[in-house]
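See below for run-v9.tsv, which holds TSV, C-alpha atoms and all ligand atoms.
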chain	number	residue	atom	x	y	z
N	1	MET	CA	68.13	97.52	38.01
N	2	LEU	CA	66.47	100.43	39.78
N	3	ARG	CA	69.70	101.64	41.31
N	4	TYR	CA	71.20	102.03	37.84
N	5	PHE	CA	68.26	104.09	36.65
N	6	PRO	CA	69.69	107.50	37.60
N	7	TYR	CA	72.89	106.49	35.84
N	8	ILE	CA	71.01	105.58	32.65
N	9	LEU	CA	69.04	108.81	32.87
N	10	CYS	CA	72.29	110.65	33.19
N	11	LEU	CA	73.61	108.93	30.05
N	12	ILE	CA	70.46	109.85	28.16
N	13	HIS	CA	70.85	113.38	29.36
N	14	ALA	CA	74.40	113.47	28.17
N	15	GLY	CA	73.37	111.95	24.83
N	16	LEU	CA	75.62	109.02	25.57
N	17	LEU	CA	73.09	106.21	25.71
N	18	ILE	CA	74.23	105.07	22.31
N	19	SER	CA	77.49	103.98	23.90
N	20	VAL	CA	75.73	101.40	26.09
N	21	ILE	CA	73.77	99.88	23.19
N	22	PRO	CA	75.78	96.98	21.80
N	23	PRO	CA	76.98	97.64	18.24
N	24	ILE	CA	75.50	95.63	15.36
N	25	THR	CA	77.70	92.60	14.98
N	26	GLN	CA	78.64	90.69	11.87
N	27	ALA	CA	76.56	87.76	13.10
N	28	GLN	CA	73.40	89.88	12.96
N	29	VAL	CA	73.84	91.08	9.38
N	30	ILE	CA	74.86	88.16	7.21
N	31	LYS	CA	76.73	88.91	4.00
N	32	THR	CA	78.47	85.58	3.41
N	33	GLY	CA	78.59	81.98	4.52
N	34	PRO	CA	81.70	80.57	6.19
N	35	LEU	CA	84.69	81.64	4.12
N	36	SER	CA	86.06	78.09	4.27
N	37	CYS	CA	82.86	76.60	2.83
N	38	PRO	CA	83.13	75.44	-0.80
N	39	GLY	CA	79.63	76.65	-1.51
N	40	VAL	CA	77.84	79.76	-2.77
N	41	ALA	CA	74.25	80.89	-2.40
N	42	LEU	CA	72.38	81.98	-5.51
N	43	THR	CA	69.72	84.33	-4.18
N	44	PHE	CA	66.89	85.92	-6.13
N	45	ASP	CA	64.83	88.87	-4.99
N	46	LEU	CA	61.18	89.07	-5.93
N	47	CYS	CA	60.66	92.80	-5.66
N	48	PRO	CA	57.31	94.20	-6.87
N	49	VAL	CA	57.23	95.27	-10.53
N	50	ARG	CA	55.00	97.78	-12.27
N	51	LYS	CA	55.25	96.30	-15.75
N	52	GLY	CA	55.54	92.81	-17.15
N	53	THR	CA	54.81	89.42	-15.65
N	54	GLY	CA	57.09	89.91	-12.67
N	55	TYR	CA	58.29	86.32	-13.00
N	56	ASP	CA	61.30	84.94	-14.87
N	57	GLN	CA	59.85	81.64	-16.02
N	58	ALA	CA	62.90	80.70	-18.11
N	59	LEU	CA	65.18	81.18	-15.11
N	60	ILE	CA	62.99	79.11	-12.79
N	61	ASP	CA	62.67	76.36	-15.42
N	62	TYR	CA	66.46	76.25	-15.77
N	63	LEU	CA	67.06	76.08	-12.00
N	64	ILE	CA	64.59	73.20	-11.75
N	65	GLU	CA	65.89	71.36	-14.80
N	66	GLN	CA	69.44	71.49	-13.42
N	67	LYS	CA	68.31	70.96	-9.79
N	68	ILE	CA	70.17	74.09	-8.65
N	69	PRO	CA	69.47	75.07	-5.04
N	70	ALA	CA	68.33	78.70	-4.75
N	71	THR	CA	66.87	81.11	-2.22
N	72	PHE	CA	64.07	83.54	-3.04
N	73	PHE	CA	63.23	86.70	-1.12
N	74	MET	CA	59.58	87.58	-1.73
N	75	SER	CA	58.00	90.97	-1.16
N	76	GLY	CA	54.37	91.00	0.03
N	77	LYS	CA	53.25	93.10	-2.92
N	78	TRP	CA	54.85	90.63	-5.34
N	79	MET	CA	53.23	87.68	-3.53
N	80	ALA	CA	49.78	89.28	-3.79
N	81	ARG	CA	50.05	89.17	-7.60
N	82	HIS	CA	51.76	85.76	-7.87
N	83	GLU	CA	49.85	83.32	-5.71
N	84	GLN	CA	50.42	80.35	-8.00
N	85	GLN	CA	54.12	81.06	-8.27
N	86	VAL	CA	54.49	81.41	-4.49
N	87	GLN	CA	52.80	78.06	-4.06
N	88	PHE	CA	55.00	76.52	-6.73
N	89	LEU	CA	58.33	77.88	-5.43
N	90	LEU	CA	57.49	76.76	-1.88
N	91	HIS	CA	57.12	73.18	-3.04
N	92	VAL	CA	60.43	72.76	-4.83
N	93	SER	CA	62.52	70.80	-2.34
N	94	PHE	CA	65.85	72.50	-3.21
N	95	PHE	CA	64.42	76.03	-3.08
N	96	GLU	CA	64.20	78.16	0.02
N	97	VAL	CA	61.84	81.10	0.55
N	98	GLY	CA	62.52	84.19	2.65
N	99	THR	CA	60.90	87.63	2.74
N	100	HIS	CA	61.73	91.04	1.30
N	101	GLY	CA	59.39	93.57	2.92
N	102	GLU	CA	55.75	94.32	2.14
N	103	VAL	CA	55.89	97.22	-0.36
N	104	HIS	CA	59.69	97.41	-0.89
N	105	ALA	CA	60.03	100.45	1.34
N	106	HIS	CA	63.18	102.40	2.11
N	107	LEU	CA	63.28	101.14	5.69
N	108	PRO	CA	65.65	103.68	7.28
N	109	LEU	CA	63.17	106.45	6.40
N	110	HIS	CA	60.55	104.87	8.67
N	111	SER	CA	59.79	104.63	12.38
N	112	VAL	CA	60.39	101.42	14.31
N	113	GLU	CA	56.69	100.53	14.18
N	114	GLU	CA	56.45	101.22	10.43
N	115	GLN	CA	59.55	99.12	9.83
N	116	LYS	CA	58.01	96.32	11.85
N	117	GLN	CA	54.84	96.36	9.74
N	118	GLU	CA	56.83	96.45	6.49
N	119	ILE	CA	58.95	93.49	7.59
N	120	LEU	CA	56.02	91.52	9.02
N	121	GLY	CA	53.68	91.83	5.98
N	122	PRO	CA	55.01	88.93	3.89
N	123	VAL	CA	55.99	86.92	7.00
N	124	ARG	CA	52.34	86.93	8.10
N	125	LEU	CA	51.04	86.21	4.61
N	126	LEU	CA	53.38	83.22	4.14
N	127	LYS	CA	52.25	81.83	7.47
N	128	ALA	CA	48.51	82.47	7.13
N	129	LYS	CA	48.03	81.53	3.50
N	130	TYR	CA	50.81	79.06	2.79
N	131	SER	CA	51.63	77.65	6.27
N	132	HIS	CA	55.25	78.59	5.70
N	133	SER	CA	57.33	79.95	8.57
N	134	ALA	CA	59.81	82.36	7.04
N	135	THR	CA	63.10	82.70	8.89
N	136	LEU	CA	65.07	84.76	6.38
N	137	PHE	CA	64.69	88.46	5.68
N	138	ARG	CA	66.44	90.70	3.17
N	139	PRO	CA	65.82	94.45	3.42
N	140	PRO	CA	64.63	96.15	0.20
N	141	TYR	CA	67.55	97.90	-1.56
N	142	GLY	CA	69.80	96.41	1.14
N	143	GLU	CA	68.99	99.52	3.19
N	144	PHE	CA	68.79	99.35	6.96
N	145	ASN	CA	69.59	101.06	10.23
N	146	ASN	CA	69.95	99.78	13.80
N	147	ASP	CA	66.15	99.69	14.19
N	148	THR	CA	65.81	97.41	11.15
N	149	VAL	CA	68.31	94.94	12.56
N	150	ASN	CA	66.73	95.02	16.02
N	151	VAL	CA	63.19	94.56	14.65
N	152	ALA	CA	64.22	91.62	12.46
N	153	ARG	CA	66.04	90.01	15.36
N	154	ALA	CA	63.06	90.49	17.69
N	155	LEU	CA	60.87	88.79	15.08
N	156	GLY	CA	63.28	85.84	14.94
N	157	LEU	CA	64.39	86.56	11.37
N	158	GLN	CA	67.89	86.13	10.03
N	159	PHE	CA	69.10	89.27	8.30
N	160	ILE	CA	70.52	88.32	4.91
N	161	LEU	CA	72.44	90.69	2.66
N	162	TRP	CA	75.03	89.62	0.06
N	163	ASN	CA	78.66	90.12	-0.86
N	164	VAL	CA	78.38	89.76	-4.65
N	165	VAL	CA	76.09	92.12	-6.59
N	166	SER	CA	75.16	90.82	-10.03
N	167	GLY	CA	73.66	94.14	-11.11
N	168	ASP	CA	71.23	92.10	-13.22
N	169	PRO	CA	68.38	94.67	-13.32
N	170	ASP	CA	70.68	97.20	-15.01
N	171	GLU	CA	69.65	97.18	-18.67
N	172	THR	CA	72.89	98.77	-19.77
N	173	ILE	CA	75.14	95.88	-18.78
N	174	THR	CA	75.67	92.75	-20.84
N	175	ALA	CA	75.71	89.11	-19.73
N	176	SER	CA	79.47	88.91	-20.26
N	177	GLN	CA	80.06	92.01	-18.12
N	178	ILE	CA	78.09	90.37	-15.30
N	179	GLU	CA	79.99	87.11	-15.82
N	180	ASP	CA	83.35	88.92	-15.72
N	181	HIS	CA	82.34	90.58	-12.47
N	182	MET	CA	81.33	87.19	-11.06
N	183	LYS	CA	84.71	85.75	-12.03
N	184	ARG	CA	86.42	88.49	-10.07
N	185	SER	CA	84.12	88.32	-7.03
N	186	VAL	CA	82.71	84.84	-6.42
N	187	ARG	CA	84.59	82.74	-3.90
N	188	LYS	CA	83.94	80.31	-1.05
N	189	GLY	CA	80.94	81.35	1.03
N	190	SER	CA	79.71	83.99	-1.45
N	191	VAL	CA	76.10	85.16	-1.39
N	192	ILE	CA	75.13	86.44	-4.85
N	193	VAL	CA	72.13	88.75	-5.29
N	194	MET	CA	70.09	88.48	-8.48
N	195	HIS	CA	66.44	88.90	-9.45
N	196	ALA	CA	63.75	86.43	-10.48
N	197	ASN	CA	61.05	89.04	-11.14
N	198	GLY	CA	61.91	89.42	-14.82
N	199	LYS	CA	63.96	92.58	-14.26
N	200	GLY	CA	67.18	90.77	-15.09
N	201	LYS	CA	67.42	90.44	-18.84
N	202	HIS	CA	70.48	88.19	-18.60
N	203	THR	CA	69.89	86.43	-15.29
N	204	ARG	CA	69.18	83.00	-16.74
N	205	GLU	CA	72.20	83.21	-19.04
N	206	VAL	CA	74.45	84.25	-16.15
N	207	VAL	CA	73.14	81.43	-13.94
N	208	GLN	CA	73.87	78.97	-16.73
N	209	ASP	CA	77.43	80.29	-17.01
N	210	LEU	CA	77.87	79.98	-13.23
N	211	HIS	CA	76.52	76.43	-13.29
N	212	ASP	CA	78.44	75.26	-16.37
N	213	HIS	CA	81.77	77.00	-15.84
N	214	LEU	CA	82.59	79.26	-12.93
N	215	LEU	CA	81.29	77.12	-10.05
N	216	PRO	CA	82.61	73.73	-11.24
N	217	ASP	CA	85.95	75.31	-12.25
N	218	ARG	CA	86.36	76.50	-8.67
N	219	ASN	CA	84.85	73.41	-7.01
N	220	LEU	CA	82.03	75.50	-5.60
N	221	THR	CA	78.57	74.04	-5.02
N	222	PRO	CA	75.37	76.11	-5.11
N	223	MET	CA	73.47	75.92	-1.81
N	224	THR	CA	70.47	77.52	-0.18
N	225	ILE	CA	71.26	80.21	2.39
N	226	ASN	CA	70.52	77.91	5.33
N	227	ASP	CA	72.73	75.15	3.94
N	228	LEU	CA	75.50	77.63	3.18
N	229	LEU	CA	75.41	79.04	6.71
N	230	THR	CA	76.01	75.57	8.13
N	231	CYS	CA	77.99	74.45	5.08
N	232	LYS	CA	75.74	71.45	4.70
N	233	GLY	CA	75.83	69.11	1.74
N	234	THR	CA	79.48	69.33	0.73
N	235	ALA	CA	82.49	67.25	1.53
N	236	ALA	CA	84.66	68.84	4.21
N	237	PRO	CA	86.94	71.48	2.64
N	301	ZN	ZN	64.23	94.24	-3.93

Could I get this file's structure written as structure tokens?
Ligand SMILES: [Zn+2]
Amino acid sequence: MLRYFPYILCLIHAGLLISVIPPITQAQVIKTGPLSCPGVALTFDLCPVRKGTGYDQALIDYLIEQKIPATFFMSGKWMARHEQQVQFLLHVSFFEVGTHGEVHAHLPLHSVEEQKQEILGPVRLLKAKYSHSATLFRPPYGEFNNDTVNVARALGLQFILWNVVSGDPDETITASQIEDHMKRSVRKGSVIVMHANGKGKHTREVVQDLHDHLLPDRNLTPMTINDLLTCKGTAAP
């Protein structure tokens, strides 16, 4: 190693070190499941909210009533105000819980150490208070840089984005506009991002439409992220 040191120094000097750092690969930033998998992941972010209950009870009730697998990404700040709900969601066998940063920070604006603390906040809380080992992480706003990916990987977290944006927190769009967008975008392996913090006025309605029409029409099964990644729980395509 030592004999390469002058060479590395030279690269740093030339501003070329970046070229010896492996690029971020698709496997590190996950946007979809296998494209041959007849499943989709319904994912719900639990970002902190300033107003309201911060919890879409009607949506959760519907998911449970219909036994629809779902994945939730919880921010630390949201968890601090929703202890009962965290406990509840963790105990639904077909739900999966990942993390979504501590205060919903814009990660690329922060140093490596600050990013680490933001990512670790809810991971530590889930472990200490709820004995849950989180393995999934979704960056707030979907924003990240190389440091974010490296920190998450070093912490053993899978980096989960999405490939279908519902746009559900946008108050100006209607349920049928979201549903039309879903019809155009949802396919095998899709990861759909929605919200369960009450920000989505039409989220429950859209989920019902997915469950009643779009998914069965296309022979797609809702799955948690982990099941989608291994395409577990469906007949072979
Ligand atoms: Zn968020």

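Interatomic distance, atom CA of N:Ser190 against atom CA of N:Thr32: 5.3 Å.
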
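Listed by chain and then residue number, the contacts of ligand ZN 301 (chain N) are Phe44, Asp45, Leu46, Cys47, Pro48, Val49, Phe73, Met74, Ser75, Thr99, His100, Gly101, Val103, His104, Ala105, Arg138, Pro139, Pro140, Tyr141, Gly142, Val193, Met194, His195 and Asn197 of chain N (distance at most 10 Å, using only C-alpha atoms and all ligand atoms).
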
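Atom CA of N:Gly76 sits 6.0 Å away from atom CA of N:Gly121.
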
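Within 10 Å of the point (60.5, 78.7, 7.8), and counting only C-alpha atoms, the protein, DNA and RNA residues are N:Glu96, N:Val97, N:Gly98, N:Val123, N:Leu126, N:Lys127, N:Ser131, N:His132, N:Ser133, N:Ala134, N:Thr135, N:Leu136, N:Leu157.
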
Need the neighbours of (80.5, 77.8, 2.2): which residues are at most 8 Å away, counting all atoms listed in the file, as a compact mmCIF listing (two decimals) with C-alpha atoms, in the frame of the given file?
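Below is the file that was written, selection-v1.txt:
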# COMPACT_ATOMS: atom_id res chain seq x y z
CA GLY N 33 78.59 81.98 4.52
CA PRO N 34 81.70 80.57 6.19
CA LEU N 35 84.69 81.64 4.12
CA SER N 36 86.06 78.09 4.27
CA CYS N 37 82.86 76.60 2.83
CA PRO N 38 83.13 75.44 -0.80
CA GLY N 39 79.63 76.65 -1.51
CA VAL N 40 77.84 79.76 -2.77
CA LYS N 188 83.94 80.31 -1.05
CA GLY N 189 80.94 81.35 1.03
CA SER N 190 79.71 83.99 -1.45
CA LEU N 228 75.50 77.63 3.18
CA LEU N 229 75.41 79.04 6.71
CA THR N 230 76.01 75.57 8.13
CA CYS N 231 77.99 74.45 5.08

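Considering the residues N:Asn226, N:Gln117, N:Ser185, N:Ser176 and counting only C-alpha atoms, N:Asp209 has its shortest atom-to-atom contact with N:Ser176.
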
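Of note, atom CA of N:Tyr130 and atom CA of N:Phe95 are spaced 15.1 Å apart.
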
Find the axis-aligned box for stretch 139-150 of chain N, covering all its listed atoms and adding 8 Å on each side, and write its centre and edge lengths in Å to one decimal as JSON.
{"center_x": 67.3, "center_y": 97.8, "center_z": 7.2, "size_x": 21.3, "size_y": 22.6, "size_z": 33.6}
